[in-house]
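Reproduced below: work_38.pdb, with PDB, C-alpha atoms.
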```pdb
ATOM      1  CA  GLU B   1     -17.828  22.807   4.277  1.00  0.00           C
ATOM      2  CA  ASP B   2     -14.539  23.700   5.986  1.00  0.00           C
ATOM      3  CA  PRO B   3     -15.063  23.782   9.793  1.00  0.00           C
ATOM      4  CA  THR B   4     -11.944  25.917  10.295  1.00  0.00           C
ATOM      5  CA  ILE B   5     -13.193  28.637   7.946  1.00  0.00           C
ATOM      6  CA  LEU B   6     -16.650  28.460   9.527  1.00  0.00           C
ATOM      7  CA  ARG B   7     -15.153  28.851  12.985  1.00  0.00           C
ATOM      8  CA  ARG B   8     -13.161  31.907  11.921  1.00  0.00           C
ATOM      9  CA  LEU B   9     -16.273  33.486  10.462  1.00  0.00           C
ATOM     10  CA  LEU B  10     -18.139  32.840  13.701  1.00  0.00           C
ATOM     11  CA  LEU B  11     -15.371  34.473  15.700  1.00  0.00           C
ATOM     12  CA  LEU B  12     -15.545  37.468  13.368  1.00  0.00           C
ATOM     13  CA  PHE B  13     -19.241  37.740  14.216  1.00  0.00           C
ATOM     14  CA  ALA B  14     -18.251  37.492  17.863  1.00  0.00           C
ATOM     15  CA  CYS B  15     -16.096  40.575  17.592  1.00  0.00           C
ATOM     16  CA  LEU B  16     -19.142  42.470  16.383  1.00  0.00           C
ATOM     17  CA  LEU B  17     -21.545  40.977  18.916  1.00  0.00           C
ATOM     18  CA  VAL B  18     -19.359  41.083  22.023  1.00  0.00           C
ATOM     19  CA  PRO B  19     -16.857  43.896  22.714  1.00  0.00           C
ATOM     20  CA  ALA B  20     -13.427  42.405  23.286  1.00  0.00           C
ATOM     21  CA  SER B  21     -12.926  44.596  26.361  1.00  0.00           C
ATOM     22  CA  SER B  22     -15.894  42.919  28.054  1.00  0.00           C
ATOM     23  CA  VAL B  23     -14.181  39.537  27.972  1.00  0.00           C
ATOM     24  CA  GLY B  24     -10.654  40.673  28.591  1.00  0.00           C
ATOM     25  CA  GLY B  25      -9.531  39.679  25.107  1.00  0.00           C
ATOM     26  CA  SER B  26      -9.578  36.004  26.073  1.00  0.00           C
ATOM     27  CA  LEU B  27     -10.532  33.670  23.228  1.00  0.00           C
ATOM     28  CA  PRO B  28     -12.129  31.015  25.490  1.00  0.00           C
ATOM     29  CA  ASN B  29     -14.201  33.705  27.239  1.00  0.00           C
ATOM     30  CA  LEU B  30     -15.083  35.224  23.889  1.00  0.00           C
ATOM     31  CA  GLU B  31     -16.253  31.830  22.642  1.00  0.00           C
ATOM     32  CA  SER B  32     -18.318  31.310  25.775  1.00  0.00           C
ATOM     33  CA  ARG B  33     -19.944  34.728  25.445  1.00  0.00           C
ATOM     34  CA  LEU B  34     -20.622  34.138  21.775  1.00  0.00           C
ATOM     35  CA  GLU B  35     -22.266  30.802  22.547  1.00  0.00           C
ATOM     36  CA  HIS B  36     -24.411  32.462  25.222  1.00  0.00           C
ATOM     37  CA  ARG B  37     -25.368  35.329  22.902  1.00  0.00           C
ATOM     38  CA  ALA B  38     -25.902  33.104  19.877  1.00  0.00           C
ATOM     39  CA  THR B  39     -28.262  30.781  21.743  1.00  0.00           C
ATOM     40  CA  GLY B  40     -30.319  33.616  23.154  1.00  0.00           C
ATOM     41  CA  GLY B  41     -28.863  33.221  26.625  1.00  0.00           C
ATOM     42  CA  GLY B  42     -29.686  29.533  26.666  1.00  0.00           C
ATOM     43  CA  GLN B  43     -33.264  29.912  25.456  1.00  0.00           C
ATOM     44  CA  ALA B  44     -34.373  27.147  23.125  1.00  0.00           C
ATOM     45  CA  GLY B  45     -35.621  28.115  19.707  1.00  0.00           C
ATOM     46  CA  SER B  46     -33.646  31.348  19.405  1.00  0.00           C
ATOM     47  CA  ALA B  47     -33.323  32.500  15.804  1.00  0.00           C
ATOM     48  CA  ALA B  48     -29.695  33.356  16.510  1.00  0.00           C
ATOM     49  CA  GLY B  49     -28.960  29.728  17.391  1.00  0.00           C
ATOM     50  CA  VAL B  50     -27.301  29.232  14.008  1.00  0.00           C
ATOM     51  CA  LEU B  51     -24.255  31.015  15.401  1.00  0.00           C
ATOM     52  CA  ARG B  52     -23.647  28.412  18.112  1.00  0.00           C
ATOM     53  CA  LEU B  53     -20.031  27.290  18.208  1.00  0.00           C
ATOM     54  CA  ARG B  54     -19.198  23.603  18.008  1.00  0.00           C
ATOM     55  CA  GLY B  55     -16.608  22.106  20.309  1.00  0.00           C
ATOM     56  CA  GLY B  56     -13.465  20.358  19.154  1.00  0.00           C
ATOM     57  CA  MET B  57     -11.928  17.032  20.063  1.00  0.00           C
ATOM     58  CA  ARG B  58      -8.405  15.630  20.327  1.00  0.00           C
ATOM     59  CA  CYS B  59      -7.702  11.927  20.674  1.00  0.00           C
ATOM     60  CA  VAL B  60      -4.411  10.193  21.418  1.00  0.00           C
ATOM     61  CA  VAL B  61      -4.856   6.701  20.008  1.00  0.00           C
ATOM     62  CA  GLN B  62      -2.657   3.792  21.068  1.00  0.00           C
ATOM     63  CA  ARG B  63      -2.869   0.309  19.627  1.00  0.00           C
ATOM     64  CA  VAL B  64      -2.651  -2.096  22.544  1.00  0.00           C
ATOM     65  CA  THR B  65      -2.573  -5.764  23.404  1.00  0.00           C
ATOM     66  CA  SER B  66      -4.246  -4.872  26.723  1.00  0.00           C
ATOM     67  CA  ALA B  67      -5.238  -1.813  28.751  1.00  0.00           C
ATOM     68  CA  SER B  68      -7.001  -1.052  32.016  1.00  0.00           C
ATOM     69  CA  VAL B  69      -8.167   1.788  34.256  1.00  0.00           C
ATOM     70  CA  THR B  70      -7.889   1.640  38.046  1.00  0.00           C
ATOM     71  CA  VAL B  71      -9.668   4.044  40.426  1.00  0.00           C
ATOM     72  CA  ASP B  72      -9.078   3.914  44.190  1.00  0.00           C
ATOM     73  CA  GLY B  73      -7.399   0.542  43.867  1.00  0.00           C
ATOM     74  CA  GLU B  74     -10.250  -1.013  41.879  1.00  0.00           C
ATOM     75  CA  VAL B  75     -10.043  -1.957  38.194  1.00  0.00           C
ATOM     76  CA  VAL B  76     -13.049  -0.215  36.627  1.00  0.00           C
ATOM     77  CA  ALA B  77     -12.360  -1.011  32.967  1.00  0.00           C
ATOM     78  CA  LYS B  78     -10.240  -3.539  31.118  1.00  0.00           C
ATOM     79  CA  ILE B  79      -9.773  -4.509  27.474  1.00  0.00           C
ATOM     80  CA  GLY B  80      -7.750  -6.970  25.440  1.00  0.00           C
ATOM     81  CA  PRO B  81      -6.327  -6.280  21.961  1.00  0.00           C
ATOM     82  CA  GLY B  82      -7.671  -3.046  20.503  1.00  0.00           C
ATOM     83  CA  LEU B  83      -7.301   0.703  21.041  1.00  0.00           C
ATOM     84  CA  CYS B  84      -6.776   2.789  24.163  1.00  0.00           C
ATOM     85  CA  VAL B  85      -7.851   6.365  23.445  1.00  0.00           C
ATOM     86  CA  LEU B  86      -7.309   9.498  25.546  1.00  0.00           C
ATOM     87  CA  VAL B  87     -10.113  11.948  24.715  1.00  0.00           C
ATOM     88  CA  GLY B  88      -9.865  15.734  25.089  1.00  0.00           C
ATOM     89  CA  LEU B  89     -12.733  18.173  24.480  1.00  0.00           C
ATOM     90  CA  SER B  90     -12.350  21.887  23.801  1.00  0.00           C
ATOM     91  CA  VAL B  91     -14.501  24.848  24.803  1.00  0.00           C
ATOM     92  CA  GLY B  92     -17.696  25.134  22.823  1.00  0.00           C
ATOM     93  CA  ASP B  93     -21.105  23.578  22.652  1.00  0.00           C
ATOM     94  CA  ALA B  94     -21.638  20.476  24.815  1.00  0.00           C
ATOM     95  CA  GLU B  95     -24.026  19.041  22.258  1.00  0.00           C
ATOM     96  CA  THR B  96     -21.596  17.959  19.562  1.00  0.00           C
ATOM     97  CA  PRO B  97     -23.190  15.064  17.647  1.00  0.00           C
ATOM     98  CA  GLU B  98     -21.303  15.878  14.454  1.00  0.00           C
ATOM     99  CA  VAL B  99     -17.976  15.875  16.310  1.00  0.00           C
ATOM    100  CA  SER B 100     -18.767  12.590  18.074  1.00  0.00           C
ATOM    101  CA  ALA B 101     -19.917  10.930  14.853  1.00  0.00           C
ATOM    102  CA  TRP B 102     -16.847  12.111  12.914  1.00  0.00           C
ATOM    103  CA  MET B 103     -14.367  10.920  15.549  1.00  0.00           C
ATOM    104  CA  ALA B 104     -16.164   7.613  16.146  1.00  0.00           C
ATOM    105  CA  LYS B 105     -15.982   6.808  12.434  1.00  0.00           C
ATOM    106  CA  LYS B 106     -12.243   7.550  12.440  1.00  0.00           C
ATOM    107  CA  LEU B 107     -11.530   5.374  15.486  1.00  0.00           C
ATOM    108  CA  LEU B 108     -13.589   2.478  14.183  1.00  0.00           C
ATOM    109  CA  GLY B 109     -12.739   2.912  10.499  1.00  0.00           C
ATOM    110  CA  LEU B 110      -9.041   3.760  10.249  1.00  0.00           C
ATOM    111  CA  LYS B 111      -6.825   0.750   9.540  1.00  0.00           C
ATOM    112  CA  PHE B 112      -4.642   0.614  12.635  1.00  0.00           C
ATOM    113  CA  PHE B 113      -4.126  -3.162  12.391  1.00  0.00           C
ATOM    114  CA  GLY B 114      -2.257  -5.542  10.142  1.00  0.00           C
ATOM    115  CA  ASP B 115      -3.479  -8.557   8.214  1.00  0.00           C
ATOM    116  CA  GLU B 116      -1.590 -11.554   9.552  1.00  0.00           C
ATOM    117  CA  ASP B 117      -2.695 -13.782   6.687  1.00  0.00           C
ATOM    118  CA  GLN B 118      -1.264 -11.378   4.113  1.00  0.00           C
ATOM    119  CA  GLY B 119       1.687 -10.379   6.290  1.00  0.00           C
ATOM    120  CA  LYS B 120       0.891  -6.704   5.659  1.00  0.00           C
ATOM    121  CA  MET B 121       0.448  -3.772   8.033  1.00  0.00           C
ATOM    122  CA  TRP B 122      -2.332  -1.161   8.106  1.00  0.00           C
ATOM    123  CA  LYS B 123      -4.933  -3.370   6.410  1.00  0.00           C
ATOM    124  CA  LYS B 124      -7.693  -3.766   9.015  1.00  0.00           C
ATOM    125  CA  ASN B 125      -9.751  -1.550  11.288  1.00  0.00           C
ATOM    126  CA  LEU B 126     -10.963  -2.187  14.832  1.00  0.00           C
ATOM    127  CA  LYS B 127     -14.178  -3.879  13.725  1.00  0.00           C
ATOM    128  CA  ASP B 128     -12.327  -6.069  11.221  1.00  0.00           C
ATOM    129  CA  VAL B 129     -10.242  -7.561  14.034  1.00  0.00           C
ATOM    130  CA  ASP B 130     -13.140  -7.606  16.516  1.00  0.00           C
ATOM    131  CA  GLY B 131     -11.025  -5.433  18.792  1.00  0.00           C
ATOM    132  CA  GLU B 132     -11.976  -3.588  21.954  1.00  0.00           C
ATOM    133  CA  LEU B 133     -11.970   0.139  22.677  1.00  0.00           C
ATOM    134  CA  LEU B 134     -11.072   1.896  25.928  1.00  0.00           C
ATOM    135  CA  LEU B 135     -12.017   5.595  26.104  1.00  0.00           C
ATOM    136  CA  VAL B 136     -10.480   7.762  28.838  1.00  0.00           C
ATOM    137  CA  SER B 137     -11.373  11.441  29.324  1.00  0.00           C
ATOM    138  CA  GLN B 138      -8.252  13.647  29.314  1.00  0.00           C
ATOM    139  CA  PHE B 139      -8.798  17.423  29.597  1.00  0.00           C
ATOM    140  CA  THR B 140      -5.043  18.100  29.721  1.00  0.00           C
ATOM    141  CA  LEU B 141      -4.825  17.471  25.961  1.00  0.00           C
ATOM    142  CA  TYR B 142      -6.039  21.058  25.581  1.00  0.00           C
ATOM    143  CA  TYR B 143      -3.147  22.687  27.412  1.00  0.00           C
ATOM    144  CA  ARG B 144      -1.198  25.851  26.814  1.00  0.00           C
ATOM    145  CA  TYR B 145       1.861  27.114  28.623  1.00  0.00           C
ATOM    146  CA  LYS B 146       3.428  30.445  29.473  1.00  0.00           C
ATOM    147  CA  GLY B 147       6.906  30.065  30.791  1.00  0.00           C
ATOM    148  CA  THR B 148       6.684  27.099  33.150  1.00  0.00           C
ATOM    149  CA  ASN B 149       2.992  27.569  33.964  1.00  0.00           C
ATOM    150  CA  LEU B 150       0.279  25.394  32.430  1.00  0.00           C
ATOM    151  CA  ASP B 151      -3.165  26.630  31.431  1.00  0.00           C
ATOM    152  CA  PHE B 152      -6.195  24.487  30.566  1.00  0.00           C
ATOM    153  CA  SER B 153      -8.753  27.197  29.793  1.00  0.00           C
ATOM    154  CA  LYS B 154      -9.185  25.857  26.251  1.00  0.00           C
ATOM    155  CA  ALA B 155     -10.591  22.617  27.684  1.00  0.00           C
ATOM    156  CA  MET B 156     -14.363  22.276  27.891  1.00  0.00           C
ATOM    157  CA  ALA B 157     -15.871  22.985  31.312  1.00  0.00           C
ATOM    158  CA  PRO B 158     -16.423  19.814  33.387  1.00  0.00           C
ATOM    159  CA  ASP B 159     -20.241  19.737  33.310  1.00  0.00           C
ATOM    160  CA  ALA B 160     -20.397  20.315  29.565  1.00  0.00           C
ATOM    161  CA  ALA B 161     -17.509  17.908  28.949  1.00  0.00           C
ATOM    162  CA  ARG B 162     -19.271  15.138  30.870  1.00  0.00           C
ATOM    163  CA  VAL B 163     -22.294  15.451  28.555  1.00  0.00           C
ATOM    164  CA  ALA B 164     -20.112  15.527  25.439  1.00  0.00           C
ATOM    165  CA  PHE B 165     -17.954  12.601  26.586  1.00  0.00           C
ATOM    166  CA  ASP B 166     -20.977  10.445  27.427  1.00  0.00           C
ATOM    167  CA  ASP B 167     -22.420  11.244  24.012  1.00  0.00           C
ATOM    168  CA  PHE B 168     -19.145  10.246  22.376  1.00  0.00           C
ATOM    169  CA  VAL B 169     -19.039   6.945  24.261  1.00  0.00           C
ATOM    170  CA  ALA B 170     -22.614   6.168  23.197  1.00  0.00           C
ATOM    171  CA  THR B 171     -21.764   7.018  19.581  1.00  0.00           C
ATOM    172  CA  CYS B 172     -18.694   4.743  19.621  1.00  0.00           C
ATOM    173  CA  ARG B 173     -20.731   1.884  21.067  1.00  0.00           C
ATOM    174  CA  LYS B 174     -23.309   2.274  18.327  1.00  0.00           C
ATOM    175  CA  GLU B 175     -20.611   2.485  15.651  1.00  0.00           C
ATOM    176  CA  HIS B 176     -18.823  -0.607  16.993  1.00  0.00           C
ATOM    177  CA  GLY B 177     -21.964  -2.724  17.171  1.00  0.00           C
ATOM    178  CA  ASP B 178     -20.931  -4.540  20.366  1.00  0.00           C
ATOM    179  CA  GLU B 179     -21.418  -2.280  23.397  1.00  0.00           C
ATOM    180  CA  SER B 180     -19.553  -4.665  25.694  1.00  0.00           C
ATOM    181  CA  LYS B 181     -16.347  -4.044  23.765  1.00  0.00           C
ATOM    182  CA  VAL B 182     -16.328  -0.274  24.376  1.00  0.00           C
ATOM    183  CA  GLN B 183     -15.160   0.510  27.918  1.00  0.00           C
ATOM    184  CA  THR B 184     -14.505   3.805  29.706  1.00  0.00           C
ATOM    185  CA  GLY B 185     -12.714   5.203  32.686  1.00  0.00           C
ATOM    186  CA  VAL B 186     -14.493   7.277  35.361  1.00  0.00           C
ATOM    187  CA  PHE B 187     -15.038  10.855  34.245  1.00  0.00           C
ATOM    188  CA  GLY B 188     -13.346  13.388  36.519  1.00  0.00           C
ATOM    189  CA  ALA B 189     -11.683  10.768  38.720  1.00  0.00           C
ATOM    190  CA  MET B 190      -7.994  10.308  39.441  1.00  0.00           C
ATOM    191  CA  MET B 191      -7.251   7.320  37.230  1.00  0.00           C
ATOM    192  CA  GLU B 192      -4.318   4.982  36.794  1.00  0.00           C
ATOM    193  CA  VAL B 193      -4.180   3.938  33.154  1.00  0.00           C
ATOM    194  CA  ALA B 194      -2.078   0.859  32.382  1.00  0.00           C
ATOM    195  CA  LEU B 195      -1.478  -0.453  28.891  1.00  0.00           C
ATOM    196  CA  VAL B 196       0.799  -2.522  26.699  1.00  0.00           C
ATOM    197  CA  ASN B 197       1.387  -0.585  23.501  1.00  0.00           C
ATOM    198  CA  ASP B 198       1.495  -2.893  20.484  1.00  0.00           C
ATOM    199  CA  GLY B 199       4.155  -1.765  18.010  1.00  0.00           C
ATOM    200  CA  PRO B 200       4.450   0.813  19.445  1.00  0.00           C
ATOM    201  CA  VAL B 201       1.650   2.514  17.524  1.00  0.00           C
ATOM    202  CA  THR B 202       0.481   5.926  18.747  1.00  0.00           C
ATOM    203  CA  MET B 203      -1.393   8.530  16.693  1.00  0.00           C
ATOM    204  CA  ASN B 204      -3.133  11.850  17.272  1.00  0.00           C
ATOM    205  CA  ILE B 205      -6.502  12.561  15.644  1.00  0.00           C
ATOM    206  CA  GLU B 206      -8.088  15.985  15.921  1.00  0.00           C
ATOM    207  CA  TYR B 207     -11.328  17.696  14.905  1.00  0.00           C
ATOM    208  CA  PRO B 208     -11.543  20.244  13.349  1.00  0.00           C
ATOM    209  CA  GLU B 209      -8.744  18.752  11.291  1.00  0.00           C
ATOM    210  CA  PRO B 210      -5.465  20.726  11.477  1.00  0.00           C
ATOM    211  CA  ASP B 211      -3.308  21.290   8.411  1.00  0.00           C
ATOM    212  CA  GLY B 212      -1.421  18.152   7.474  1.00  0.00           C
ATOM    213  CA  GLN B 213      -3.653  15.637   9.274  1.00  0.00           C
ATOM    214  CA  LYS B 214      -5.473  14.649   6.099  1.00  0.00           C
ATOM    215  CA  LYS B 215      -3.484  13.769   2.985  1.00  0.00           C
ATOM    216  CA  SER B 216      -4.666  15.681  -0.067  1.00  0.00           C
TER     217      SER B 216
END
```

Could you write out this structure as structure tokens?
Amino acid sequence: EDPTILRRLLLLFACLLVPASSVGGSLPNLESRLEHRATGGGQAGSAAGVLRLRGGMRCVVQRVTSASVTVDGEVVAKIGPGLCVLVGLSVGDAETPEVSAWMAKKLLGLKFFGDEDQGKMWKKNLKDVDGELLLVSQFTLYYRYKGTNLDFSKAMAPDAARVAFDDFVATCRKEHGDESKVQTGVFGAMMEVALVNDGPVTMNIEYPEPDGQKKS
């Protein structure tokens, strides 16, 4: 099942369900209206619930020797060798277990680390090296610009994003197996993120997967 094709089909349904003029032609507004209409205005058990849109996720992954988050002068999270990940969530459904599960498996399964015994790079994943994970919410990953102005309307609304981010953190902790080694920043706070990038190694991972992210 191709999530990109599915999403396009859902948006086609949206054009039929919700007149474009009623949402000003804005894709984020159109998606929000479609979600509201597809879920029966928020009523559980609606037969139209199958049309509910799923949110997307973007992660900027950095391999680090250490990383920390400071809020109001206090260190609220700190890790040693592992991954520091900035997490962005797009407009859509706040309940995104399939998105969380997919991304968690990538973060914990992809071979970001080398094997020192073999002297080879890209041989071990985070669990193989018993590494730590720092997750930091970052809505600005879903930016757009017009001229010199920035727009973040593609980012998930704060209340929904908090639910989705907490779900993602819980999924990563379960996938890792050691909850103490998965730390987070403070959602919605002004944070100072400090890290020592190891390599440097920095990668973007996105769901739904864009063209070129996955090798055929």

task: Skip region 198-200 of chain B itself and residues of its chain fewer than 3 positions away, then list as a list in words all residues within 12 Å of it, counting only C-alpha atoms.
output: Val61, Gln62, Arg63, Val64, Thr65, Ser66, Ala67, Gly80, Pro81, Gly82, Leu83, Cys84, Phe112, Phe113, Gly114, Met121, Trp122, Leu195 and Met203 of chain B

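When CA of Gly88 (chain B) is paired with CA of His176 (chain B), their separation reads 20.3 Å.
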
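Note that the spacing between CA of Leu110 (chain B) and CA of Lys123 (chain B) amounts to 9.1 Å.
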
Let me know the centre plus edge lengths, in Å and rounded to one decimal, of a box with edges along x, y and z that contains all listed atoms of region 72-86 of chain B and is padded by 3 Å on every side, as JSON.
```
{"center_x": -9.7, "center_y": 1.3, "center_z": 32.3, "size_x": 12.7, "size_y": 22.5, "size_z": 29.7}
```

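Between CA of Glu206 (chain B) and CA of Met103 (chain B) lies a distance of 8.1 Å.
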
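Here the question is which of B:Arg162, B:Lys214, B:Lys154, B:Lys78 gets nearest to Gly92 (chain B) using all atoms listed in the file, and that residue is B:Lys154.
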
Give me, as JSON lines, each residue of region 81-169 of chain B that comes within 7 Å of region 180-188 of chain B, together with its shortest interatomic pair and the distance in Å at one decimal, counting all atoms listed in the file, with rows ordered by chain and rising residue number.
```
{"residue": "B:Glu132", "atom": "CA", "partner": "B:Lys181", "partner_atom": "CA", "distance": 4.8}
{"residue": "B:Leu133", "atom": "CA", "partner": "B:Val182", "partner_atom": "CA", "distance": 4.7}
{"residue": "B:Leu134", "atom": "CA", "partner": "B:Gln183", "partner_atom": "CA", "distance": 4.8}
{"residue": "B:Leu135", "atom": "CA", "partner": "B:Thr184", "partner_atom": "CA", "distance": 4.7}
{"residue": "B:Val136", "atom": "CA", "partner": "B:Gly185", "partner_atom": "CA", "distance": 5.1}
{"residue": "B:Ser137", "atom": "CA", "partner": "B:Phe187", "partner_atom": "CA", "distance": 6.2}
{"residue": "B:Arg162", "atom": "CA", "partner": "B:Phe187", "partner_atom": "CA", "distance": 6.9}
```

- request: To verify the selection step, state as number ranges by chain which residues the PyMOL selection byres ((chain B and resi 109) around 8) yields on this input.
  value: B: 105-108, 110-111, 125-127

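Once the PyMOL selection byres ((chain B and resi 194) around 8) is applied to the shown structure, the selection contains B:Ala67, B:Ser68, B:Val69, B:Glu192, B:Val193, B:Leu195, B:Val196.
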
Written selection (C-alpha atoms) as an mmCIF file, in the coordinates of the input:
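See selection.cif below for the written result:
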```
data_model
loop_
_atom_site.group_PDB
_atom_site.id
_atom_site.type_symbol
_atom_site.label_atom_id
_atom_site.label_comp_id
_atom_site.auth_asym_id
_atom_site.auth_seq_id
_atom_site.Cartn_x
_atom_site.Cartn_y
_atom_site.Cartn_z
ATOM 1 C CA ALA B 67 -5.238 -1.813 28.751
ATOM 2 C CA SER B 68 -7.001 -1.052 32.016
ATOM 3 C CA VAL B 69 -8.167 1.788 34.256
ATOM 4 C CA GLU B 192 -4.318 4.982 36.794
ATOM 5 C CA VAL B 193 -4.180 3.938 33.154
ATOM 6 C CA LEU B 195 -1.478 -0.453 28.891
ATOM 7 C CA VAL B 196 0.799 -2.522 26.699
#
```

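If you measure from each of B:Pro97, B:Ala161, B:Met191, B:Phe152 to Ala77 (chain B) using only C-alpha atoms, the closest one turns out to be B:Met191.
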
query: For the file shown, what are the residues hit by the PyMOL selection byres ((chain B and resi 143) around 9), laid out as a list in words?
result: Phe139, Thr140, Leu141, Tyr142, Arg144, Tyr145, Leu150, Asp151, Phe152, Ser153, Lys154 and Ala155 of chain B

- prompt: Using only C-alpha atoms, which of the listed residues (B:Ala164, B:Val129, B:Val75, B:Met156) sits closest to Val99 (chain B)?
  reply: B:Ala164

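Ranking B:Gly119, B:Arg173, B:Val85, B:Asp167 by their shortest atom-to-atom distance to Asn204 (chain B), with only C-alpha atoms included, puts B:Val85 first.
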